[in-house]
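Structure file query31.pdb with PDB, C-alpha atoms:
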```pdb
ATOM      1  CA  MET A 943     -15.640 -16.711   4.985
ATOM      2  CA  ILE A 944     -13.090 -14.664   3.055
ATOM      3  CA  GLY A 945      -9.355 -15.097   3.605
ATOM      4  CA  TYR A 946      -6.935 -12.190   3.512
ATOM      5  CA  TYR A 947      -3.181 -12.653   3.105
ATOM      6  CA  ALA A 948      -1.162  -9.595   4.206
ATOM      7  CA  HIS A 949       2.553  -9.331   3.534
ATOM      8  CA  HIS A 950       4.592  -8.734   6.671
ATOM      9  CA  GLN A 951       6.809  -5.989   5.187
ATOM     10  CA  GLY A 952       5.866  -2.546   6.489
ATOM     11  CA  ALA A 953       2.507  -1.777   8.061
ATOM     12  CA  GLY A 954       0.426  -0.807   5.032
ATOM     13  CA  HIS A 955      -0.777  -4.282   4.048
ATOM     14  CA  LEU A 956      -2.041  -5.086   7.553
ATOM     15  CA  THR A 957      -3.659  -1.673   7.927
ATOM     16  CA  ARG A 958      -5.495  -2.057   4.617
ATOM     17  CA  MET A 959      -6.628  -5.561   5.588
ATOM     18  CA  ARG A 960      -8.047  -4.295   8.863
ATOM     19  CA  SER A 961      -9.961  -1.474   7.148
ATOM     20  CA  ILE A 962     -11.521  -3.787   4.559
ATOM     21  CA  ALA A 963     -12.321  -6.509   7.113
ATOM     22  CA  ALA A 964     -14.207  -4.013   9.271
ATOM     23  CA  ALA A 965     -16.462  -3.162   6.319
ATOM     24  CA  LEU A 966     -17.227  -6.742   5.221
ATOM     25  CA  ASP A 967     -20.547  -8.446   5.982
ATOM     26  CA  GLN A 968     -18.902 -11.821   6.495
ATOM     27  CA  PRO A 969     -16.052 -13.225   8.603
ATOM     28  CA  VAL A 970     -12.452 -12.684   7.546
ATOM     29  CA  TRP A 971      -9.533 -15.010   8.242
ATOM     30  CA  GLY A 972      -6.105 -13.390   8.220
ATOM     31  CA  LEU A 973      -2.904 -15.050   7.055
ATOM     32  CA  SER A 974       0.489 -13.397   7.466
ATOM     33  CA  SER A 975       3.993 -13.888   8.797
ATOM     34  CA  ALA A 976       3.246 -10.872  10.987
ATOM     35  CA  ALA A 977       1.205 -10.947  14.167
ATOM     36  CA  PRO A 978      -2.480  -9.998  13.912
ATOM     37  CA  PRO A 979      -3.135  -6.267  14.253
ATOM     38  CA  PRO A 980      -4.498  -4.985  17.583
ATOM     39  CA  GLY A 981      -8.194  -5.703  17.995
ATOM     40  CA  TRP A 982      -8.328  -8.353  15.262
ATOM     41  CA  GLU A 983     -11.484 -10.428  15.795
ATOM     42  CA  GLY A 984     -11.335 -12.994  12.997
ATOM     43  CA  GLY A 985      -9.411 -16.224  12.598
ATOM     44  CA  TRP A 986      -5.664 -15.968  12.111
ATOM     45  CA  THR A 987      -2.843 -18.140  10.773
ATOM     46  CA  THR A 988       0.699 -16.994  11.540
ATOM     47  CA  LEU A 989       2.707 -18.230   8.581
ATOM     48  CA  ALA A 990       6.283 -19.482   8.651
ATOM     49  CA  ARG A 991       8.769 -17.129   7.030
ATOM     50  CA  ASP A 992      10.256 -17.984   3.651
ATOM     51  CA  ASP A 993      13.288 -15.799   4.402
ATOM     52  CA  ASP A 994      14.085 -16.891   7.974
ATOM     53  CA  PRO A 995      16.623 -18.251   8.260
ATOM     54  CA  HIS A 996      17.994 -16.561   5.189
ATOM     55  CA  PRO A 997      18.444 -19.209   2.505
ATOM     56  CA  GLY A 998      22.052 -18.134   1.961
ATOM     57  CA  ALA A 999      23.781 -20.256  -0.653
ATOM     58  CA  LEU A1000      20.516 -21.999  -1.478
ATOM     59  CA  ALA A1001      19.273 -18.689  -2.917
ATOM     60  CA  ASP A1002      21.929 -19.017  -5.603
ATOM     61  CA  ARG A1003      19.929 -21.904  -7.058
ATOM     62  CA  ASP A1004      17.602 -19.523  -8.849
ATOM     63  CA  PRO A1005      14.902 -18.615  -6.277
ATOM     64  CA  THR A1006      12.858 -17.112  -9.109
ATOM     65  CA  ALA A1007      12.271 -20.523 -10.756
ATOM     66  CA  HIS A1008      13.836 -19.354 -14.007
ATOM     67  CA  GLY A1009      12.145 -15.949 -13.831
ATOM     68  CA  VAL A1010       8.608 -17.271 -13.376
ATOM     69  CA  LEU A1011       8.320 -16.431  -9.637
ATOM     70  CA  HIS A1012       9.642 -13.702  -7.355
ATOM     71  CA  TRP A1013      10.850 -15.722  -4.358
ATOM     72  CA  ALA A1014      10.856 -19.504  -3.971
ATOM     73  CA  PRO A1015      14.255 -20.591  -2.618
ATOM     74  CA  THR A1016      14.909 -24.305  -3.012
ATOM     75  CA  HIS A1017      15.132 -26.679  -0.037
ATOM     76  CA  HIS A1018      13.982 -24.007   2.431
ATOM     77  CA  GLU A1019      12.186 -25.393   5.468
ATOM     78  CA  GLY A1020      10.295 -22.171   6.187
ATOM     79  CA  LEU A1021       8.923 -21.998   2.649
ATOM     80  CA  ALA A1022       7.820 -25.643   2.804
ATOM     81  CA  ARG A1023       6.034 -25.156   6.151
ATOM     82  CA  ARG A1024       4.458 -21.921   4.931
ATOM     83  CA  SER A1025       3.082 -23.595   1.809
ATOM     84  CA  ALA A1026       1.766 -26.515   3.870
ATOM     85  CA  GLN A1027       0.020 -24.104   6.252
ATOM     86  CA  ILE A1028      -1.750 -22.322   3.398
ATOM     87  CA  ALA A1029      -2.797 -25.573   1.718
ATOM     88  CA  ARG A1030      -4.080 -26.991   5.011
ATOM     89  CA  TRP A1031      -6.005 -23.791   5.741
ATOM     90  CA  ALA A1032      -7.619 -23.916   2.289
ATOM     91  CA  ALA A1033      -8.663 -27.553   2.764
ATOM     92  CA  GLU A1034      -9.975 -27.143   6.305
ATOM     93  CA  GLU A1035     -11.614 -23.699   6.183
ATOM     94  CA  ARG A1036     -12.950 -23.817   2.611
ATOM     95  CA  PRO A1037     -12.888 -20.028   2.075
ATOM     96  CA  SER A1038     -15.031 -18.481  -0.624
ATOM     97  CA  ALA A1039     -12.029 -16.432  -1.817
ATOM     98  CA  LEU A1040      -8.601 -15.184  -0.740
ATOM     99  CA  VAL A1041      -7.474 -11.568  -1.015
ATOM    100  CA  VAL A1042      -3.713 -11.506  -1.633
ATOM    101  CA  ASP A1043      -1.901  -8.345  -0.505
ATOM    102  CA  VAL A1044       0.651  -9.128  -1.892
ATOM    103  CA  SER A1045       2.500 -12.245  -3.107
ATOM    104  CA  VAL A1046       2.664 -13.926  -6.481
ATOM    105  CA  GLU A1047       3.519 -17.239  -4.834
ATOM    106  CA  VAL A1048       0.588 -17.142  -2.384
ATOM    107  CA  THR A1049      -1.743 -16.214  -5.234
ATOM    108  CA  LEU A1050      -0.712 -19.215  -7.302
ATOM    109  CA  LEU A1051      -0.685 -21.645  -4.371
ATOM    110  CA  ALA A1052      -4.195 -20.630  -3.315
ATOM    111  CA  ARG A1053      -5.504 -21.003  -6.851
ATOM    112  CA  LEU A1054      -3.872 -24.442  -7.141
ATOM    113  CA  CYS A1055      -5.790 -25.356  -3.982
ATOM    114  CA  GLY A1056      -9.002 -24.342  -5.720
ATOM    115  CA  VAL A1057      -9.448 -21.034  -3.915
ATOM    116  CA  PRO A1058     -10.524 -18.041  -6.058
ATOM    117  CA  THR A1059      -8.160 -15.095  -5.599
ATOM    118  CA  VAL A1060      -8.466 -11.324  -5.508
ATOM    119  CA  VAL A1061      -5.047  -9.743  -6.024
ATOM    120  CA  VAL A1062      -4.354  -6.265  -4.670
ATOM    121  CA  ALA A1063      -2.839  -4.398  -7.608
ATOM    122  CA  MET A1064       0.265  -2.370  -6.851
ATOM    123  CA  PRO A1065       1.682   0.874  -8.306
ATOM    124  CA  GLY A1066       4.577   0.875 -10.743
ATOM    125  CA  ARG A1067       5.249  -1.275 -13.773
ATOM    126  CA  ARG A1068       3.953  -4.789 -13.068
ATOM    127  CA  ASP A1069       4.436  -6.333 -16.493
ATOM    128  CA  ASP A1070       7.159  -8.792 -15.468
ATOM    129  CA  HIS A1071       6.430 -12.500 -15.893
ATOM    130  CA  PRO A1072       5.517 -13.234 -12.221
ATOM    131  CA  HIS A1073       3.097 -10.310 -11.949
ATOM    132  CA  ARG A1074       1.448 -11.169 -15.252
ATOM    133  CA  LEU A1075       0.952 -14.726 -14.019
ATOM    134  CA  ALA A1076      -0.649 -13.613 -10.741
ATOM    135  CA  TYR A1077      -2.851 -10.947 -12.327
ATOM    136  CA  ASP A1078      -3.947 -13.260 -15.140
ATOM    137  CA  THR A1079      -4.999 -16.078 -12.789
ATOM    138  CA  ALA A1080      -6.835 -13.783 -10.352
ATOM    139  CA  ASP A1081     -10.621 -13.639 -10.386
ATOM    140  CA  ALA A1082     -10.439  -9.900  -9.656
ATOM    141  CA  LEU A1083      -7.886  -7.129  -9.199
ATOM    142  CA  LEU A1084      -8.410  -4.742  -6.292
ATOM    143  CA  ALA A1085      -6.888  -1.355  -7.158
ATOM    144  CA  PRO A1086      -6.673   0.924  -4.071
ATOM    145  CA  TRP A1087      -6.239   3.994  -6.239
ATOM    146  CA  PRO A1088      -8.327   5.793  -8.900
ATOM    147  CA  ARG A1089      -8.510   4.557 -12.458
ATOM    148  CA  GLY A1090      -5.788   6.114 -14.564
ATOM    149  CA  ALA A1091      -3.262   6.354 -11.740
ATOM    150  CA  HIS A1092      -1.231   3.174 -12.258
ATOM    151  CA  ASP A1093      -2.986   1.261 -15.008
ATOM    152  CA  LEU A1094      -1.855   3.087 -18.145
ATOM    153  CA  HIS A1095       0.018   0.026 -19.427
ATOM    154  CA  TRP A1096      -2.550  -2.595 -18.415
ATOM    155  CA  PRO A1097      -3.936  -5.015 -20.998
ATOM    156  CA  ASP A1098      -7.696  -5.059 -21.550
ATOM    157  CA  ARG A1099      -8.093  -8.393 -19.760
ATOM    158  CA  TRP A1100      -6.986  -6.783 -16.479
ATOM    159  CA  PHE A1101      -9.355  -3.836 -16.843
ATOM    160  CA  ALA A1102     -12.225  -6.263 -17.337
ATOM    161  CA  LYS A1103     -11.851  -7.611 -13.799
ATOM    162  CA  ALA A1104     -10.468  -4.565 -11.949
ATOM    163  CA  TRP A1105     -12.117  -2.791  -9.023
ATOM    164  CA  PHE A1106     -10.891   0.799  -8.861
ATOM    165  CA  VAL A1107     -11.974   1.790  -5.344
ATOM    166  CA  GLY A1108      -9.652   4.717  -4.628
ATOM    167  CA  ALA A1109      -7.319   5.036  -1.666
ATOM    168  CA  ILE A1110      -8.112   3.005   1.436
ATOM    169  CA  SER A1111      -7.402   4.723   4.743
ATOM    170  CA  ARG A1112      -8.190   3.994   8.370
ATOM    171  CA  PHE A1113      -9.278   7.648   8.486
ATOM    172  CA  ASP A1114     -12.031   7.320   5.894
ATOM    173  CA  HIS A1115     -15.293   8.935   7.026
ATOM    174  CA  ARG A1116     -13.515  11.216   9.534
ATOM    175  CA  SER A1117     -14.708  14.805   9.571
ATOM    176  CA  LEU A1118     -12.489  16.802   7.246
ATOM    177  CA  PRO A1119     -10.522  19.787   8.544
ATOM    178  CA  ASP A1120     -10.967  23.298   7.220
ATOM    179  CA  PRO A1121      -8.774  24.240   4.232
ATOM    180  CA  VAL A1122      -5.313  25.467   5.179
ATOM    181  CA  PRO A1123      -4.743  29.197   4.532
ATOM    182  CA  ALA A1124      -2.341  29.931   1.685
ATOM    183  CA  ALA A1125       0.077  31.672   4.058
ATOM    184  CA  ARG A1126       0.233  32.278   7.771
ATOM    185  CA  PRO A1127       2.989  32.770  10.368
ATOM    186  CA  GLY A1128       4.379  29.830  12.290
ATOM    187  CA  ARG A1129       3.746  27.240   9.613
ATOM    188  CA  THR A1130       4.382  23.539  10.294
ATOM    189  CA  VAL A1131       5.783  20.706   8.182
ATOM    190  CA  LEU A1132       4.821  17.184   9.248
ATOM    191  CA  VAL A1133       7.278  14.542   7.952
ATOM    192  CA  LEU A1134       5.826  11.019   7.729
ATOM    193  CA  TRP A1135       7.944   7.877   7.479
ATOM    194  CA  GLY A1136       6.652   4.328   7.232
ATOM    195  CA  ALA A1137       7.499   1.008   8.860
ATOM    196  CA  GLY A1138       9.139  -0.184   5.636
ATOM    197  CA  GLY A1139      12.193   2.023   6.144
ATOM    198  CA  HIS A1140      13.548   4.992   4.199
ATOM    199  CA  SER A1141      16.757   6.039   2.503
ATOM    200  CA  THR A1142      16.512   9.731   3.436
ATOM    201  CA  THR A1143      18.993  10.501   6.211
ATOM    202  CA  ALA A1144      18.562  12.602   9.332
ATOM    203  CA  ALA A1145      21.194  14.973   7.915
ATOM    204  CA  GLN A1146      19.115  15.552   4.778
ATOM    205  CA  VAL A1147      16.038  16.384   6.835
ATOM    206  CA  GLU A1148      18.098  18.739   9.000
ATOM    207  CA  GLN A1149      19.408  20.511   5.894
ATOM    208  CA  ALA A1150      15.843  20.992   4.635
ATOM    209  CA  ARG A1151      14.860  22.339   8.044
ATOM    210  CA  ALA A1152      17.754  24.812   8.021
ATOM    211  CA  ALA A1153      16.811  25.980   4.519
ATOM    212  CA  THR A1154      13.252  26.851   5.645
ATOM    213  CA  PRO A1155      13.669  28.869   8.877
ATOM    214  CA  ASP A1156      10.065  30.109   8.772
ATOM    215  CA  TRP A1157       8.771  26.555   9.093
ATOM    216  CA  THR A1158       8.674  24.194  12.072
ATOM    217  CA  TRP A1159       9.486  20.605  11.090
ATOM    218  CA  VAL A1160       7.991  17.673  13.029
ATOM    219  CA  GLU A1161       8.832  14.035  12.214
ATOM    220  CA  ARG A1162       6.638  11.002  12.828
ATOM    221  CA  SER A1163       7.681   7.397  12.187
ATOM    222  CA  PRO A1164       6.769   3.986  13.636
ATOM    223  CA  GLY A1165       8.918   3.062  16.608
ATOM    224  CA  ARG A1166      10.630   6.452  16.811
ATOM    225  CA  GLY A1167       8.675   9.653  17.108
ATOM    226  CA  ALA A1168       5.449   7.726  16.644
ATOM    227  CA  SER A1169       2.293   9.781  16.797
ATOM    228  CA  GLY A1170      -0.222   9.258  19.562
ATOM    229  CA  ASP A1171      -2.874  10.837  17.340
ATOM    230  CA  LEU A1172      -1.823  10.962  13.703
ATOM    231  CA  TRP A1173      -5.152  12.375  12.570
ATOM    232  CA  ALA A1174      -4.662  15.386  14.857
ATOM    233  CA  ASP A1175      -1.076  15.763  13.634
ATOM    234  CA  LEU A1176      -2.258  15.742  10.034
ATOM    235  CA  GLN A1177      -4.893  18.369  10.702
ATOM    236  CA  ALA A1178      -2.373  20.601  12.489
ATOM    237  CA  ALA A1179       0.132  20.481   9.613
ATOM    238  CA  ASP A1180       0.268  23.195   6.987
ATOM    239  CA  VAL A1181       2.172  20.858   4.649
ATOM    240  CA  VAL A1182       2.816  17.135   4.976
ATOM    241  CA  VAL A1183       6.047  15.714   3.580
ATOM    242  CA  THR A1184       5.452  12.002   3.156
ATOM    243  CA  HIS A1185       7.081   9.010   1.558
ATOM    244  CA  GLY A1186       5.178   7.536  -1.387
ATOM    245  CA  GLY A1187       3.849   4.385   0.272
ATOM    246  CA  GLN A1188       0.191   3.653  -0.423
ATOM    247  CA  ASN A1189      -0.877   3.725   3.219
ATOM    248  CA  ALA A1190       0.784   7.036   4.052
ATOM    249  CA  VAL A1191      -0.486   8.690   0.880
ATOM    250  CA  ALA A1192      -4.001   7.396   1.603
ATOM    251  CA  GLU A1193      -3.939   8.942   5.067
ATOM    252  CA  VAL A1194      -2.740  12.302   3.770
ATOM    253  CA  ALA A1195      -5.428  12.098   1.084
ATOM    254  CA  ALA A1196      -8.136  11.331   3.651
ATOM    255  CA  ALA A1197      -7.070  14.416   5.606
ATOM    256  CA  ARG A1198      -6.978  16.558   2.422
ATOM    257  CA  ARG A1199      -3.645  18.159   3.399
ATOM    258  CA  PRO A1200      -1.248  20.006   1.104
ATOM    259  CA  ALA A1201       1.644  17.655   0.580
ATOM    260  CA  VAL A1202       5.036  16.919  -0.891
ATOM    261  CA  VAL A1203       5.258  13.211  -1.765
ATOM    262  CA  VAL A1204       8.899  12.075  -1.863
ATOM    263  CA  ALA A1205       9.517   8.605  -3.298
ATOM    264  CA  GLN A1206      11.737   6.138  -1.460
ATOM    265  CA  PRO A1207      13.478   3.277  -3.305
ATOM    266  CA  ARG A1208      11.108   0.324  -3.743
ATOM    267  CA  PRO A1209      10.780  -2.561  -6.225
ATOM    268  CA  HIS A1210       9.154  -1.680  -9.544
ATOM    269  CA  ASP A1211       9.505   2.051  -8.710
ATOM    270  CA  GLU A1212       6.098   1.937  -7.034
ATOM    271  CA  GLN A1213       6.684   5.063  -4.937
ATOM    272  CA  VAL A1214       8.160   6.943  -7.891
ATOM    273  CA  ALA A1215       4.995   6.125  -9.847
ATOM    274  CA  THR A1216       2.774   7.493  -7.083
ATOM    275  CA  ALA A1217       4.813  10.674  -6.662
ATOM    276  CA  ARG A1218       4.743  11.254 -10.418
ATOM    277  CA  ARG A1219       0.992  10.736 -10.683
ATOM    278  CA  VAL A1220      -0.047  13.066  -7.841
ATOM    279  CA  ASP A1221       2.243  15.711  -9.319
ATOM    280  CA  ASP A1222       0.926  15.234 -12.869
ATOM    281  CA  TRP A1223      -2.645  15.556 -11.572
ATOM    282  CA  ARG A1224      -1.628  18.621  -9.505
ATOM    283  CA  ILE A1225      -3.001  16.966  -6.385
ATOM    284  CA  ALA A1226       0.254  17.462  -4.509
ATOM    285  CA  VAL A1227       3.931  18.066  -5.247
ATOM    286  CA  GLY A1228       5.726  14.853  -6.195
ATOM    287  CA  CYS A1229       9.473  14.193  -6.122
ATOM    288  CA  ALA A1230      11.316  11.099  -7.340
ATOM    289  CA  SER A1231      13.972  11.541  -4.626
ATOM    290  CA  TRP A1232      14.745  13.779  -1.665
ATOM    291  CA  PRO A1233      15.222  17.363  -2.952
ATOM    292  CA  SER A1234      18.272  19.514  -2.312
ATOM    293  CA  PRO A1235      18.062  22.075   0.528
ATOM    294  CA  ARG A1236      17.714  25.037  -1.822
ATOM    295  CA  GLU A1237      14.605  23.506  -3.427
ATOM    296  CA  TRP A1238      12.576  23.204  -0.235
ATOM    297  CA  PRO A1239      11.279  26.792   0.169
ATOM    298  CA  GLU A1240       9.690  26.714  -3.288
ATOM    299  CA  LEU A1241       8.380  23.161  -2.881
ATOM    300  CA  LEU A1242       6.573  23.989   0.349
ATOM    301  CA  ASP A1243       5.080  27.148  -1.162
ATOM    302  CA  ARG A1244       3.938  25.200  -4.216
ATOM    303  CA  ALA A1245       2.311  22.552  -2.036
ATOM    304  CA  LEU A1246       0.441  25.278  -0.145
ATOM    305  CA  ALA A1247      -0.699  26.834  -3.408
ATOM    306  CA  ARG A1248      -2.081  23.523  -4.661
ATOM    307  CA  GLY A1249      -3.916  23.023  -1.382
ATOM    308  CA  GLY A1250      -5.370  19.707  -0.361
ATOM    309  CA  GLN A1251      -8.840  19.550  -1.856
ATOM    310  CA  ARG A1252      -7.732  17.816  -5.068
ATOM    311  CA  TRP A1253      -7.052  14.712  -2.974
ATOM    312  CA  SER A1254     -10.756  13.975  -3.482
ATOM    313  CA  ARG A1255      -9.758  12.582  -6.877
ATOM    314  CA  TRP A1256      -7.472  10.075  -5.138
ATOM    315  CA  SER A1257      -9.563   9.283  -2.088
ATOM    316  CA  THR A1258     -13.363   9.041  -2.146
ATOM    317  CA  GLY A1259     -13.565   8.516   1.607
ATOM    318  CA  ASP A1260     -15.190   5.098   1.281
ATOM    319  CA  GLY A1261     -12.491   2.989  -0.391
ATOM    320  CA  ALA A1262     -12.664   0.187   2.184
ATOM    321  CA  ALA A1263     -16.460   0.029   1.978
ATOM    322  CA  ARG A1264     -16.333  -0.115  -1.817
ATOM    323  CA  ALA A1265     -13.748  -2.903  -1.716
ATOM    324  CA  ALA A1266     -15.845  -4.821   0.835
ATOM    325  CA  ALA A1267     -18.981  -4.492  -1.304
ATOM    326  CA  HIS A1268     -17.124  -5.980  -4.282
ATOM    327  CA  LEU A1269     -15.814  -8.838  -2.135
ATOM    328  CA  ASP A1270     -19.236  -9.614  -0.658
ATOM    329  CA  ARG A1271     -20.740  -9.770  -4.155
ATOM    330  CA  LEU A1272     -17.898 -11.926  -5.462
ATOM    331  CA  ALA A1273     -18.269 -14.352  -2.573
ATOM    332  CA  GLY A1274     -21.972 -14.651  -3.284
ATOM    333  CA  ASP A1275     -21.312 -15.306  -6.963
ATOM    334  CA  LEU A1276     -18.593 -17.909  -6.359
ATOM    335  CA  VAL A1277     -20.195 -19.862  -3.515
ATOM    336  CA  PRO A1278     -24.007 -20.085  -3.330
ATOM    337  CA  GLY A1279     -25.152 -18.711  -0.013
ATOM    338  CA  ALA A1280     -21.719 -17.305   0.932
ATOM    339  CA  GLY A1281     -22.973 -13.731   0.978
ATOM    340  CA  SER A1282     -26.033 -14.485   3.117
TER     341      SER A1282
END
```
Would you encode the structure as structure tokens?
Amino acid sequence: MIGYYAHHQGAGHLTRMRSIAAALDQPVWGLSSAAPPPGWEGGWTTLARDDDPHPGALADRDPTAHGVLHWAPTHHEGLARRSAQIARWAAEERPSALVVDVSVEVTLLARLCGVPTVVVAMPGRRDDHPHRLAYDTADALLAPWPRGAHDLHWPDRWFAKAWFVGAISRFDHRSLPDPVPAARPGRTVLVLWGAGGHSTTAAQVEQARAATPDWTWVERSPGRGASGDLWADLQAADVVVTHGGQNAVAEVAAARRPAVVVAQPRPHDEQVATARRVDDWRIAVGCASWPSPREWPELLDRALARGGQRWSRWSTGDGAARAAAHLDRLAGDLVPGAGS
């Protein structure tokens, strides 16, 4: 059995876990502070939160352990129970490996319990002390993006154990839509927001809408304006304006839609890194922040001109299957008979 830890922030980590689990040949046990995703068939451990209740004044006692960790507040009951749950799970279930998506602290705790780890590598600069510690101790690094996208500053020792599988989307293997014409009347912009929140205001979107009167703008976000059929919405869009989260970008890539990727503030500038890379590779138009109203007509036209077919460099259409194949092989190598 393979364990999979998914961070509770946003929806991307859980969505990626579900896609990979569906492609694995062996059982998967999920661990998260979030509830299991709909239809989850494996084992599940709902972890205590290490930020609930908020540690308050205790957080002033250096929750980073002198810069070695990201978040380990002292004397926090939730953190203690969470760590005990993970250690107990490791001792009782004896997993062949744990995929960590993402947490430096969970990575280190699992390894201290004798569980091999596969760390999901993230965009942006990850050369701080905690990330180096997690990546160095991992048995493998799972990169859900193409080689060259976010690894330009990696040391050789990380390349030696990296799996570059390309974007992982729940829409992999769907039939692709026909290419969007370069220009046609009644064009539509689909705006995608994620569950992790965004800094762009409704007023900014309205200003962009007013600056592009020949376009119809449609917004989709979890909880408000959620799509009943996102795949159909993607196919109907002439241009998709999306935040730079990995999950959203993977879904746009799977649909091969012309796009404007607008970064939202995130740690380590991970969305800025993604927006920059897709723009540098001329896959889509990338912006480090929400553009001014006067920029939008040209940005949408440029996205149309670039089209959507270059997304094939970002998304092979079988990212989850490739990740699962690596995990099945690793499990077989680490534990005799685990892959059978």
Residue contacts of Ala1190 in chain A (10 Å, only C-alpha atoms) excluding same-chain residues fewer than 2 positions away, as a ChimeraX atom specification: /A:953-954,1111,1134-1136,1184-1188,1192-1196,1203
Pick out the closest residue to Arg1024 in chain A from this set: A:Ala1265, A:Pro1005, A:Val1048, A:Ser1254. Count only C-alpha atoms.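 That would be A:Val1048, the residue with the smallest distance to Arg1024 in chain A.
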Considering only C-alpha atoms, can you say which of A:Glu1161, A:Asp1221, A:Asp1043, A:Glu1240 comes closest to Arg1252 in chain A? A:Asp1221
Translate the PyMOL selection byres ((chain A and resi 1094) around 12) into a concrete residue list for this structure, as a ChimeraX atom specification. /A:1065-1069,1088-1093,1095-1098,1100-1101,1215,1219
Who sits within 6 Å of range 1180-1182 of chain A, all atoms listed in the file, same chain under 5 positions skipped, as a list in words: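 The contact residues come out as Arg1129, Thr1130, Val1131, Leu1132, Val1133, Pro1200 and Ala1201 of chain A.
Atom pair CA of Ala963 in chain A / CA of Leu1272 in chain A: separated by 14.8 Å.
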Quick check, in Å to one decimal: how far apart do CA of Arg1116 in chain A and CA of Gly1259 in chain A lie? 8.4 Å
May I have the residues at most 12 Å from (-7.1, -26.1, 0.9) in the file's coordinates, counting only C-alpha atoms, as number ranges by chain? A: 945, 1025-1040, 1051-1058
Option closest in space to Ala1085 in chain A, from A:Val1041, A:Arg1003, A:Arg1248, A:Phe1106 [counting all atoms listed in the file]: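 With all atoms listed in the file as the atom set, the closest residue is A:Phe1106.
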Nearest to Trp1256 in chain A: which of A:Trp1105, A:Trp1087, A:Tyr946, A:Trp1173 is it, counting all atoms listed in the file? A:Trp1087
Residues selected by the PyMOL selection byres ((chain A and resi 982) around 10), written as a PyMOL selection string: chain A and resi 960+963-964+970-972+977-981+983-986
Might you pull out every residue within 9 Å of Asp1078 in chain A, with all atoms listed in the file counted and same-chain residues fewer than 4 positions away left off, and present them as JSON, numbers by chain? {"A": [1073, 1074, 1099, 1100]}
Could you turn the residues from that selection into a file that holds C-alpha atoms, as a PDB file, keeping the file's coordinate frame?
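Saved to result_10.pdb:
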```pdb
ATOM      1  CA  HIS A1073       3.097 -10.310 -11.949  1.00  0.00           C
ATOM      2  CA  ARG A1074       1.448 -11.169 -15.252  1.00  0.00           C
ATOM      3  CA  ARG A1099      -8.093  -8.393 -19.760  1.00  0.00           C
ATOM      4  CA  TRP A1100      -6.986  -6.783 -16.479  1.00  0.00           C
TER       5      TRP A1100
END
```
Which residue, A:Ala1197, A:Val1191, A:Val1214, A:Ala1152, has the smallest gap to Pro1239 in chain A when you use all atoms listed in the file?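 Looking at the shortest contact to Pro1239 in chain A, the residue is A:Ala1152.
Using all atoms listed in the file for every distance, the candidate list A:Ala1266, A:Asp1070, A:Pro1086, A:Pro1235 yields A:Pro1235 as the residue closest to Ala1145 in chain A.
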Need the shell around Gly1261 in chain A: protein/DNA/RNA residues with any atom at most 6 Å away, counting only C-alpha atoms. Skip same-chain ones fewer than 4 positions apart. Format as a ChimeraX atom specification? /A:1107-1110
Once the PyMOL selection byres ((chain A and resi 1061) around 7) has been evaluated on this model, what residues remain selected, and can you format them as a short mmCIF file (atom, residue, chain, number, x, y, z; two decimals) with C-alpha atoms, in the coordinates of the input?
```
data_model
loop_
_atom_site.label_atom_id
_atom_site.label_comp_id
_atom_site.auth_asym_id
_atom_site.auth_seq_id
_atom_site.Cartn_x
_atom_site.Cartn_y
_atom_site.Cartn_z
CA VAL A 1041 -7.47 -11.57 -1.01
CA VAL A 1042 -3.71 -11.51 -1.63
CA ASP A 1043 -1.90 -8.35 -0.50
CA THR A 1059 -8.16 -15.10 -5.60
CA VAL A 1060 -8.47 -11.32 -5.51
CA VAL A 1062 -4.35 -6.26 -4.67
CA ALA A 1063 -2.84 -4.40 -7.61
CA TYR A 1077 -2.85 -10.95 -12.33
CA ALA A 1080 -6.84 -13.78 -10.35
CA ALA A 1082 -10.44 -9.90 -9.66
CA LEU A 1083 -7.89 -7.13 -9.20
CA LEU A 1084 -8.41 -4.74 -6.29
#
```
So which residues touch Ala1076 in chain A within 8 Å, counting all atoms listed in the file, skipping near sequence neighbours fewer than 6 positions away, as a PyMOL selection string? chain A and resi 1046+1049-1050+1061
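Distance-wise, CA of Asp1260 in chain A and CA of Asp967 in chain A end up 15.3 Å apart.
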Centre and edge lengths, as lines of an AutoDock Vina configuration file, for the axis-aligned box enclosing every listed atom of range 1176-1190 of chain A with 3 Å of padding on each of the six sides, in Å to one decimal?
```
center_x = 1.1
center_y = 13.4
center_z = 5.6
size_x = 18.0
size_y = 25.5
size_z = 19.9
```
